[in-house]
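**Student:** Supplied in structure tokens, the structure appears directly below.
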Amino acid sequence: MPLVIVALGIIVLLVLIMKFNMNTFISLVVVSFLIALALGMPISEIVASVQHGMGNTLGGIALVFGLGAILGKFIADAGGAQRIAMTLIDKFGEKRIQWAVVAAGFILGIALFFEVGLVLLIPIVYQISKHLKISFLWLGMPMATALSVTHAFLPPHPGPTVIAQEFGANVGLVLVYGLIIAVPTVIIAGPLFTKFARKFAPSAFEKEPTGSMASIGNAKQFKAEDTPGFGISAFTALFPVILMAFSTIVTLFQDVLNLPTLFIDIVKMIGAPTTVMLLSVLLAMYTMGVARKISMKQLMKSAEASIASIGMMLLILGAGGSLKQVLIDGGVGDYVAVLFEGSTISPLILTWLIAAVIRLAQGSATVAALTTVGLVIPMMTGTDVNMELMVLATGAGSIIASHVNDTGFWIVKESFGLTMKETFATWTVLETLISVCGLVFVLLLSLFV
């Protein structure tokens with residue numbers, strides 16, 4: 001019954017948005033209350049659950065998105081994004097520019113959270129698409145694919161790292177196996193899938209970008225000699241990657257290096273996404289502002305414009321978190337767990353399947369992954385299954401079919417200015433393809449390790 005309630009709730013949400021043109025934020029809040037009531041949650045706990053979901057979601061991403069939007073606006077308004085775009089076009093050529101964007105997304109994605117990578121790359125991708133007069137989504141979807149794949153499969157991202165710890169798997173091997181799986185998955189779900197997506201969702205690829213994040217990259221055009229150098233522009237854009245990579249390396253080798261606890265704590269604080277974005281914004285204020293004789297007043301106008309452009313998106317993401325929390329507090333994940341008790345399916349397939357069903361039911365990839373670990377570990381007794389592959393199978397299952405109960409769905413929809421139908425036809429299918437490819441490659445790899 002809980003799964004039926006969830007399905008009906010999603011149908012109501014789609015009808016409100018697509019049929020009655022109700023604002024997405026309002027629709028999400030309304031449906032969150034309706035599903036909470038239908039799941040039988042105590043009346044006294046419903047409001048707290050909705051508020052808790054919004055608070056948790058915005059607490060994790062509001063600062064990152066806000067500071068990331070300001071950073072992107074500073075780089076775009078100073079001509080830095082244009083310089084990076086033109087340099088990539090010159091080096092790779094128009095025919096190979098999509099692969100250049102994919103490579104950039106993959107490299108950045110190893111060190112950055114999905115959301116951070118998205119806000120950093122979208123202004124640059126927008127500029128490339130504008131200069132070459134090609135579809136923004138044609139470049140943006142493969143880039144988002146690379147970010148999503150690295151987020152799901154590769155340590156030091158929280159998901160695979162925590163799952164590896166729970167399973168007792170070797171994090172280094174998870175990274176190696178994850179890279180083996182991630183590269184072909186990105187190629188298949190990125191550039192190759194985009195060719196097919198263009199056929200069954202042509203409107204998404206033909207229209208001008210209207211998303212809130214796209215508007216950040218829509219800066220005035222400069223003459224080449226009036227833009228900052230490629231080196232300083234790239235350094236400013238990559239500064240979050242440098243800080244996070246430094247923090248990750250120090251943390252991984254803290255025991256070997258026998259570093260003081262205080263130093264480790266400082267490095268971890270600096271490497272946290274919020275701190276990283278704050279320091280990056282301060283750097284950009286100098287490199288893209290003060291150093292280019294741009295007044296502080298003008299910089300702050302850019303900052304205010306960038307925040308105004310993502311205000312509604314943040315509310316939508318928070319409301320998506322409310323829906324997710326209601327599903328979790330309503331016991332949907334626990335109900336799914338009971339369905340798989342006593343199953344005799346292959347551990348790798350079973351792990352992927354449990355994670356996929358929990359993900360479909362309650363939306364959060366992290367909750368789906370961690371819930372799956374707790375269910376599967378008791379089933380592993382007496383088996384010789386490879387734990388590193390179990391980590392990757394869990395990660396693959398936990399990102400399947402991103403839809404309305406997933407914050408990532410709304411991030412992509414709002415970032416690229418897509419309709420609900422277009423987001424389902426592109427992003428939801430893409431995430432499913434990543435999930436299935438991940439399982440297939442895990443099973444193939446299990447034949448050799």
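If you're wondering about the labels, chains in the structure tokens are A, B, ... by order shown, residues count from 1 in each chain, ligands from 1 in order shown.
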Do you know which residues are at most 7 Å from Gly318 of chain A counting only C-alpha atoms, after dropping those on the same chain fewer than 3 positions away, and could you put them as a list in words?

**Tutor:**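 The residues that qualify are Met54, Thr57, Leu58, Leu314, Leu315, Gly321 and Ser322 of chain A.
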
**Student:** Output all heavy atoms for every residue in that selection, as a short mmCIF file (atom, residue, chain, number, x, y, z; two decimals), in the first residue's frame.

**Tutor:**
data_model
loop_
_atom_site.label_atom_id
_atom_site.label_comp_id
_atom_site.auth_asym_id
_atom_site.auth_seq_id
_atom_site.Cartn_x
_atom_site.Cartn_y
_atom_site.Cartn_z
N MET A 54 12.86 20.30 4.39
CA MET A 54 13.31 21.53 3.71
C MET A 54 14.58 22.06 4.37
O MET A 54 15.53 22.45 3.68
CB MET A 54 12.22 22.59 3.75
CG MET A 54 12.68 23.94 3.19
SD MET A 54 11.34 25.08 2.80
CE MET A 54 10.81 24.46 1.23
N THR A 57 17.65 19.87 3.49
CA THR A 57 18.06 20.01 2.09
C THR A 57 18.74 21.35 1.84
O THR A 57 19.83 21.42 1.28
CB THR A 57 16.84 19.87 1.15
OG1 THR A 57 16.25 18.58 1.34
CG2 THR A 57 17.27 20.01 -0.31
N LEU A 58 18.10 22.42 2.28
CA LEU A 58 18.67 23.76 2.05
C LEU A 58 19.92 23.97 2.90
O LEU A 58 20.83 24.69 2.49
CB LEU A 58 17.63 24.83 2.36
CG LEU A 58 16.45 24.90 1.39
CD1 LEU A 58 15.51 26.05 1.76
CD2 LEU A 58 16.93 25.07 -0.04
N LEU A 314 15.91 27.50 -5.34
CA LEU A 314 16.23 27.03 -3.99
C LEU A 314 14.98 26.60 -3.24
O LEU A 314 14.99 25.59 -2.53
CB LEU A 314 16.98 28.12 -3.22
CG LEU A 314 18.42 28.38 -3.65
CD1 LEU A 314 19.00 29.55 -2.87
CD2 LEU A 314 19.28 27.14 -3.45
N LEU A 315 13.89 27.34 -3.39
CA LEU A 315 12.63 26.97 -2.75
C LEU A 315 12.12 25.63 -3.29
O LEU A 315 11.64 24.78 -2.54
CB LEU A 315 11.58 28.05 -2.97
CG LEU A 315 11.72 29.32 -2.12
CD1 LEU A 315 10.65 30.33 -2.52
CD2 LEU A 315 11.62 28.99 -0.63
N GLY A 321 13.04 18.36 -0.96
CA GLY A 321 13.56 17.71 0.25
C GLY A 321 12.46 17.41 1.25
O GLY A 321 12.50 16.39 1.95
N SER A 322 11.43 18.25 1.29
CA SER A 322 10.29 18.00 2.17
C SER A 322 9.56 16.72 1.76
O SER A 322 9.20 15.89 2.60
CB SER A 322 9.31 19.18 2.13
OG SER A 322 9.89 20.34 2.65
#

**Student:** Do a neighbour search on Ala197 of chain A at 9 Å with only C-alpha atoms, toss out local chain neighbours closer than 3 positions, and write the hits as JSON, numbers by chain.

**Tutor:** {"A": [193, 194, 200, 201, 202, 205, 425, 426, 429, 430]}

**Student:** Create the file for the chosen residues now, containing N, CA and C atoms and written as a compact mmCIF listing (two decimals), in the first residue's frame.

**Tutor:**
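Okay, this is what ended up in again15.txt:
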# COMPACT_ATOMS: atom_id res chain seq x y z
N PHE A 193 24.17 8.67 -25.63
CA PHE A 193 22.75 8.78 -25.31
C PHE A 193 22.16 10.11 -25.79
N THR A 194 22.96 11.18 -25.72
CA THR A 194 22.47 12.50 -26.13
C THR A 194 21.97 12.49 -27.57
N PHE A 200 13.95 11.95 -29.41
CA PHE A 200 12.64 11.80 -28.76
C PHE A 200 12.32 12.95 -27.80
N ALA A 201 13.22 13.94 -27.67
CA ALA A 201 12.89 15.16 -26.91
C ALA A 201 13.50 16.36 -27.63
N PRO A 202 13.14 16.56 -28.91
CA PRO A 202 13.78 17.62 -29.70
C PRO A 202 13.58 19.02 -29.15
N PHE A 205 16.27 20.40 -26.89
CA PHE A 205 17.55 20.73 -27.50
C PHE A 205 17.48 21.93 -28.44
N ALA A 425 12.19 12.88 -20.07
CA ALA A 425 12.68 12.29 -21.31
C ALA A 425 14.21 12.32 -21.41
N THR A 426 14.84 13.23 -20.67
CA THR A 426 16.30 13.33 -20.74
C THR A 426 16.96 12.85 -19.45
N VAL A 429 15.69 9.31 -17.86
CA VAL A 429 16.17 8.19 -18.69
C VAL A 429 17.69 8.07 -18.57
N LEU A 430 18.37 9.20 -18.55
CA LEU A 430 19.83 9.20 -18.46
C LEU A 430 20.31 8.54 -17.15

**Student:** Which residues are near segment 224-238 of chain A? Cut-off 10 Å, only C-alpha atoms, ignore same chain within fewer than 4 positions. Put them as a PyMOL selection string.

**Tutor:** chain A and resi 71-72+74-88+108+117+120-121+124+242-243+280-281+283-288+291-292

**Student:** With N, CA, C and O atoms retained, export the selected residues as a tab-separated table (two decimals), in the first residue's frame.

**Tutor:**
chain	number	residue	atom	x	y	z
A	71	LEU	N	29.98	33.02	-7.68
A	71	LEU	CA	31.26	32.73	-8.32
A	71	LEU	C	31.12	32.67	-9.83
A	71	LEU	O	31.90	33.28	-10.58
A	72	GLY	N	30.11	31.94	-10.29
A	72	GLY	CA	29.88	31.82	-11.73
A	72	GLY	C	29.58	33.16	-12.37
A	72	GLY	O	30.05	33.44	-13.48
A	74	PHE	N	30.55	36.18	-11.25
A	74	PHE	CA	31.77	36.98	-11.27
A	74	PHE	C	32.65	36.60	-12.48
A	74	PHE	O	33.16	37.46	-13.19
A	75	ILE	N	32.81	35.29	-12.67
A	75	ILE	CA	33.66	34.81	-13.77
A	75	ILE	C	33.05	35.17	-15.12
A	75	ILE	O	33.76	35.58	-16.05
A	76	ALA	N	31.73	35.04	-15.22
A	76	ALA	CA	31.05	35.33	-16.49
A	76	ALA	C	31.08	36.82	-16.80
A	76	ALA	O	31.40	37.24	-17.92
A	77	ASP	N	30.76	37.66	-15.81
A	77	ASP	CA	30.67	39.10	-16.04
A	77	ASP	C	32.03	39.73	-16.32
A	77	ASP	O	32.11	40.78	-16.97
A	78	ALA	N	33.10	39.11	-15.83
A	78	ALA	CA	34.45	39.64	-16.09
A	78	ALA	C	35.01	39.16	-17.43
A	78	ALA	O	36.07	39.62	-17.85
A	79	GLY	N	34.31	38.23	-18.08
A	79	GLY	CA	34.79	37.69	-19.35
A	79	GLY	C	35.60	36.42	-19.18
A	79	GLY	O	36.11	35.86	-20.16
A	80	GLY	N	35.74	35.95	-17.94
A	80	GLY	CA	36.53	34.74	-17.69
A	80	GLY	C	35.91	33.50	-18.31
A	80	GLY	O	36.61	32.67	-18.90
A	81	ALA	N	34.58	33.37	-18.18
A	81	ALA	CA	33.91	32.21	-18.77
A	81	ALA	C	34.04	32.24	-20.29
A	81	ALA	O	34.23	31.19	-20.93
A	82	GLN	N	33.96	33.43	-20.87
A	82	GLN	CA	34.12	33.55	-22.33
A	82	GLN	C	35.53	33.15	-22.74
A	82	GLN	O	35.72	32.45	-23.74
A	83	ARG	N	36.53	33.56	-21.98
A	83	ARG	CA	37.91	33.20	-22.29
A	83	ARG	C	38.13	31.69	-22.21
A	83	ARG	O	38.75	31.09	-23.09
A	84	ILE	N	37.60	31.05	-21.17
A	84	ILE	CA	37.73	29.61	-21.03
A	84	ILE	C	37.03	28.90	-22.18
A	84	ILE	O	37.56	27.96	-22.79
A	85	ALA	N	35.83	29.37	-22.51
A	85	ALA	CA	35.06	28.78	-23.60
A	85	ALA	C	35.81	28.88	-24.93
A	85	ALA	O	35.92	27.89	-25.67
A	86	MET	N	36.32	30.07	-25.24
A	86	MET	CA	37.00	30.26	-26.51
A	86	MET	C	38.28	29.43	-26.60
A	86	MET	O	38.63	28.90	-27.65
A	87	THR	N	38.99	29.30	-25.47
A	87	THR	CA	40.22	28.50	-25.46
A	87	THR	C	39.91	27.03	-25.70
A	87	THR	O	40.62	26.35	-26.48
A	88	LEU	N	38.86	26.51	-25.06
A	88	LEU	CA	38.47	25.12	-25.30
A	88	LEU	C	38.06	24.89	-26.75
A	88	LEU	O	38.41	23.87	-27.35
A	108	LEU	N	36.52	17.39	-13.02
A	108	LEU	CA	36.00	18.18	-11.91
A	108	LEU	C	35.15	17.33	-10.98
A	108	LEU	O	35.17	17.50	-9.76
A	117	GLY	N	29.90	21.15	-9.04
A	117	GLY	CA	30.36	21.03	-10.42
A	117	GLY	C	29.40	21.65	-11.39
A	117	GLY	O	29.80	22.29	-12.38
A	120	LEU	N	29.53	25.50	-11.34
A	120	LEU	CA	30.78	26.00	-11.89
A	120	LEU	C	30.83	25.87	-13.41
A	120	LEU	O	31.32	26.77	-14.10
A	121	LEU	N	30.32	24.76	-13.92
A	121	LEU	CA	30.48	24.48	-15.35
A	121	LEU	C	29.39	25.08	-16.23
A	121	LEU	O	29.63	25.36	-17.40
A	124	ILE	N	30.21	28.28	-18.14
A	124	ILE	CA	31.21	28.04	-19.18
A	124	ILE	C	30.59	27.31	-20.36
A	124	ILE	O	30.81	27.66	-21.53
A	242	ILE	N	40.82	22.54	-6.48
A	242	ILE	CA	42.14	22.49	-5.85
A	242	ILE	C	42.00	22.35	-4.33
A	242	ILE	O	42.68	21.52	-3.71
A	243	LEU	N	41.13	23.15	-3.74
A	243	LEU	CA	40.94	23.09	-2.29
A	243	LEU	C	40.40	21.74	-1.85
A	243	LEU	O	40.88	21.15	-0.87
A	280	SER	N	36.51	30.63	-2.62
A	280	SER	CA	36.58	30.81	-4.07
A	280	SER	C	35.94	32.13	-4.50
A	280	SER	O	36.43	32.80	-5.41
A	281	VAL	N	34.83	32.48	-3.86
A	281	VAL	CA	34.18	33.76	-4.15
A	281	VAL	C	35.10	34.92	-3.77
A	281	VAL	O	35.23	35.90	-4.52
A	283	LEU	N	38.34	34.88	-3.66
A	283	LEU	CA	39.41	34.91	-4.67
A	283	LEU	C	38.91	35.58	-5.95
A	283	LEU	O	39.60	36.44	-6.53
A	284	ALA	N	37.71	35.20	-6.39
A	284	ALA	CA	37.15	35.75	-7.63
A	284	ALA	C	36.89	37.25	-7.51
A	284	ALA	O	36.99	37.99	-8.49
A	285	MET	N	36.56	37.71	-6.31
A	285	MET	CA	36.36	39.15	-6.11
A	285	MET	C	37.63	39.91	-6.47
A	285	MET	O	37.56	41.03	-7.00
A	286	TYR	N	38.77	39.28	-6.21
A	286	TYR	CA	40.04	39.93	-6.56
A	286	TYR	C	40.41	39.69	-8.03
A	286	TYR	O	40.61	40.64	-8.79
A	287	THR	N	40.48	38.41	-8.43
A	287	THR	CA	40.97	38.09	-9.78
A	287	THR	C	40.03	38.58	-10.87
A	287	THR	O	40.47	39.02	-11.93
A	288	MET	N	38.73	38.47	-10.64
A	288	MET	CA	37.75	38.86	-11.65
A	288	MET	C	37.16	40.25	-11.39
A	288	MET	O	36.34	40.72	-12.17
A	291	ALA	N	41.34	43.19	-9.48
A	291	ALA	CA	42.49	43.17	-10.38
A	291	ALA	C	42.15	43.69	-11.77
A	291	ALA	O	43.04	44.09	-12.53
A	292	ARG	N	40.86	43.69	-12.13
A	292	ARG	CA	40.43	44.17	-13.44
A	292	ARG	C	39.77	45.54	-13.35
A	292	ARG	O	39.05	45.95	-14.27

**Student:** So which residues of segment 162-287 of chain A fall under alpha helix (DSSP H) by DSSP, listed as a PyMOL selection string?

**Tutor:** chain A and resi 162-167+171-187+193-200+202-206+212-217+230-252+254-257+261-271+273-287

**Student:** List the neighbours of Phe114 of chain A out to 10 Å using only C-alpha atoms; skip same-chain residues closer than 3 positions along the sequence, and give me the result as a list in words.

**Tutor:**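 Surrounding residues, per the criterion: Gly105, Leu108, Gly109, Ile110, Ala111, Gly117, Leu118, Val119, Ala144, Thr145, Ala146, Leu147, Ser148, Val149, Thr150, His151, Ala152, His157 and Gly408 of chain A.
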
**Student:** Within 12 Å of Thr419 of chain A, counting only C-alpha atoms, which residues qualify if same-chain residues fewer than 2 places away don't, as a ChimeraX atom specification?

**Tutor:** /A:14,17-18,21,24,201,203-205,207,209-211,409-410,412-417,421-427

**Student:** In Å, rounded to a single decimal, give me how far atom CA of Leu173 of chain A is from atom CA of Phe253 of chain A.

**Tutor:**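 A separation of 15.9 Å between them.
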
**Student:** Env of Lys268 of chain A: 8 Å cut, atoms = only C-alpha atoms, seq-sep filter 4 positions within chain, self excluded. Answer as a ChimeraX atom specification.

**Tutor:** /A:247,251,264,272

**Student:** Those residues with N, CA, C and O atoms, as a compact mmCIF listing (two decimals), in the first residue's frame please?

**Tutor:**
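result-v2.txt, freshly written:
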# COMPACT_ATOMS: atom_id res chain seq x y z
N SER A 247 42.29 18.87 0.45
CA SER A 247 41.68 18.37 1.68
C SER A 247 41.53 16.85 1.64
O SER A 247 41.82 16.16 2.63
N THR A 251 43.47 14.20 4.11
CA THR A 251 42.63 13.34 4.96
C THR A 251 42.95 11.86 4.74
O THR A 251 43.01 11.08 5.70
N ILE A 264 44.54 18.76 10.84
CA ILE A 264 43.58 17.95 10.09
C ILE A 264 42.19 18.58 10.15
O ILE A 264 41.48 18.67 9.14
N ALA A 272 35.48 21.59 3.19
CA ALA A 272 34.03 21.46 3.17
C ALA A 272 33.47 22.33 2.04
O ALA A 272 33.96 23.44 1.80

**Student:** Have a look at A:Ile128, A:Val174, A:Val267, A:Met313 and name the one nearest to Ala393 of chain A; count only C-alpha atoms.

**Tutor:**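 For Ala393 of chain A, the nearest of the given residues is A:Val174.
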
**Student:** Using only C-alpha atoms, which of the listed residues (A:His52, A:Asn258, A:Val332, A:Ile399) sits closest to Met1 of chain A?

**Tutor:**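 Of all the options, A:Val332 lies closest to Met1 of chain A.
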
**Student:** Excluding Gly159 of chain A and its own-chain neighbours fewer than 2 positions away, which residues fall within 12 Å of it when counting only C-alpha atoms? Please give them as a VMD selection string.

**Tutor:** chain A and resid 113 to 114 148 to 157 161 to 166 171 174 364 to 371 373 391 to 392 394 to 396 398 to 399

**Student:** Using only N, CA, C and O atoms, please write the residues we just selected to a file, as a short mmCIF file (atom, residue, chain, number, x, y, z; two decimals), in the first residue's frame.

**Tutor:**
data_model
loop_
_atom_site.label_atom_id
_atom_site.label_comp_id
_atom_site.auth_asym_id
_atom_site.auth_seq_id
_atom_site.Cartn_x
_atom_site.Cartn_y
_atom_site.Cartn_z
N PHE A 113 31.38 17.91 -5.49
CA PHE A 113 30.01 17.41 -5.40
C PHE A 113 29.27 17.75 -6.69
O PHE A 113 29.61 18.71 -7.39
N PHE A 114 28.23 16.97 -6.98
CA PHE A 114 27.45 17.17 -8.20
C PHE A 114 26.97 18.61 -8.33
O PHE A 114 27.12 19.24 -9.38
N SER A 148 27.42 13.15 -12.49
CA SER A 148 26.58 12.19 -11.79
C SER A 148 27.29 10.85 -11.60
O SER A 148 27.22 10.23 -10.53
N VAL A 149 27.99 10.40 -12.64
CA VAL A 149 28.69 9.11 -12.57
C VAL A 149 29.80 9.14 -11.51
O VAL A 149 29.93 8.21 -10.71
N THR A 150 30.59 10.21 -11.51
CA THR A 150 31.65 10.28 -10.52
C THR A 150 31.08 10.38 -9.10
O THR A 150 31.64 9.82 -8.16
N HIS A 151 29.94 11.05 -8.97
CA HIS A 151 29.29 11.18 -7.66
C HIS A 151 28.80 9.83 -7.14
O HIS A 151 28.83 9.56 -5.95
N ALA A 152 28.37 8.96 -8.06
CA ALA A 152 27.79 7.67 -7.66
C ALA A 152 28.84 6.60 -7.41
O ALA A 152 28.66 5.75 -6.53
N PHE A 153 29.95 6.63 -8.16
CA PHE A 153 30.88 5.49 -8.14
C PHE A 153 32.24 5.75 -7.52
O PHE A 153 32.92 4.79 -7.13
N LEU A 154 32.67 6.99 -7.45
CA LEU A 154 34.08 7.22 -7.11
C LEU A 154 34.28 7.89 -5.75
O LEU A 154 33.78 8.98 -5.51
N PRO A 155 35.04 7.23 -4.85
CA PRO A 155 35.52 7.95 -3.67
C PRO A 155 36.42 9.09 -4.17
O PRO A 155 37.00 8.96 -5.25
N PRO A 156 36.53 10.21 -3.49
CA PRO A 156 36.11 10.45 -2.10
C PRO A 156 34.69 10.98 -1.94
O PRO A 156 34.40 11.61 -0.92
N HIS A 157 33.81 10.80 -2.92
CA HIS A 157 32.43 11.24 -2.74
C HIS A 157 31.82 10.51 -1.54
O HIS A 157 32.12 9.33 -1.30
N THR A 161 32.17 6.32 -0.43
CA THR A 161 33.11 6.24 0.68
C THR A 161 32.45 5.65 1.92
O THR A 161 33.00 4.73 2.56
N VAL A 162 31.27 6.13 2.26
CA VAL A 162 30.54 5.63 3.44
C VAL A 162 30.12 4.18 3.22
O VAL A 162 30.24 3.34 4.13
N ILE A 163 29.63 3.86 2.03
CA ILE A 163 29.21 2.49 1.73
C ILE A 163 30.40 1.54 1.85
O ILE A 163 30.28 0.43 2.38
N ALA A 164 31.55 1.98 1.36
CA ALA A 164 32.76 1.15 1.45
C ALA A 164 33.12 0.87 2.90
O ALA A 164 33.49 -0.26 3.26
N GLN A 165 33.00 1.87 3.73
CA GLN A 165 33.29 1.69 5.16
C GLN A 165 32.32 0.70 5.80
O GLN A 165 32.71 -0.16 6.59
N GLU A 166 31.04 0.82 5.44
CA GLU A 166 30.02 -0.06 6.02
C GLU A 166 30.22 -1.51 5.59
O GLU A 166 30.03 -2.44 6.36
N VAL A 171 38.82 1.10 0.07
CA VAL A 171 38.44 2.32 -0.65
C VAL A 171 39.28 2.51 -1.90
O VAL A 171 38.79 2.95 -2.95
N VAL A 174 37.90 0.28 -4.53
CA VAL A 174 36.62 0.84 -4.98
C VAL A 174 36.88 1.93 -6.02
O VAL A 174 36.19 2.01 -7.05
N SER A 364 15.90 9.78 -2.21
CA SER A 364 17.27 10.08 -1.83
C SER A 364 18.21 8.93 -2.18
O SER A 364 18.04 7.80 -1.71
N ALA A 365 19.23 9.22 -2.99
CA ALA A 365 20.21 8.20 -3.36
C ALA A 365 21.02 7.78 -2.13
O ALA A 365 21.32 6.59 -1.95
N THR A 366 21.36 8.75 -1.28
CA THR A 366 22.15 8.44 -0.08
C THR A 366 21.38 7.54 0.87
O THR A 366 21.91 6.54 1.37
N VAL A 367 20.10 7.87 1.13
CA VAL A 367 19.27 7.04 2.01
C VAL A 367 19.09 5.65 1.41
O VAL A 367 19.16 4.64 2.11
N ALA A 368 18.87 5.59 0.10
CA ALA A 368 18.70 4.30 -0.57
C ALA A 368 19.94 3.44 -0.40
O ALA A 368 19.85 2.24 -0.10
N ALA A 369 21.11 4.05 -0.58
CA ALA A 369 22.36 3.31 -0.48
C ALA A 369 22.61 2.81 0.95
O ALA A 369 22.92 1.62 1.16
N LEU A 370 22.44 3.70 1.93
CA LEU A 370 22.72 3.31 3.31
C LEU A 370 21.70 2.31 3.85
O LEU A 370 22.05 1.40 4.61
N THR A 371 20.44 2.46 3.44
CA THR A 371 19.41 1.49 3.84
C THR A 371 19.73 0.12 3.26
O THR A 371 19.59 -0.91 3.93
N VAL A 373 22.66 -1.09 2.46
CA VAL A 373 23.79 -1.69 3.17
C VAL A 373 23.32 -2.41 4.42
O VAL A 373 23.71 -3.55 4.70
N VAL A 391 29.87 -2.43 -3.23
CA VAL A 391 29.79 -0.97 -3.06
C VAL A 391 29.30 -0.33 -4.35
O VAL A 391 28.39 0.52 -4.35
N LEU A 392 29.88 -0.75 -5.48
CA LEU A 392 29.54 -0.15 -6.77
C LEU A 392 28.13 -0.55 -7.22
O LEU A 392 27.42 0.25 -7.83
N THR A 394 25.66 -1.14 -5.21
CA THR A 394 24.77 -0.32 -4.37
C THR A 394 24.67 1.09 -4.93
O THR A 394 23.57 1.66 -5.04
N GLY A 395 25.82 1.66 -5.28
CA GLY A 395 25.83 3.01 -5.84
C GLY A 395 25.05 3.10 -7.14
O GLY A 395 24.31 4.06 -7.38
N ALA A 396 25.17 2.07 -7.98
CA ALA A 396 24.45 2.05 -9.26
C ALA A 396 22.94 2.01 -9.04
O ALA A 396 22.18 2.75 -9.67
N SER A 398 21.29 2.98 -6.48
CA SER A 398 20.77 4.12 -5.71
C SER A 398 20.54 5.37 -6.54
O SER A 398 19.97 6.35 -6.04
N ILE A 399 20.96 5.38 -7.82
CA ILE A 399 20.75 6.60 -8.64
C ILE A 399 19.76 6.36 -9.78
O ILE A 399 19.58 7.22 -10.65
#

**Student:** Compare A:Ala303, A:Gly271, A:Leu323, A:Ala189 by their minimum atom-to-atom distance to Ile249 of chain A, counting only C-alpha atoms, and give me the closest one.

**Tutor:**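 Among the listed residues, the smallest separation from Ile249 of chain A belongs to A:Gly271.
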
**Student:** My list of candidates is A:Val50, A:Val404, A:Ile43, A:Ala308. Which is closest to Ala69 of chain A when distances are computed with only C-alpha atoms?

**Tutor:**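 Selected residue with least distance to Ala69 of chain A: A:Ala308.
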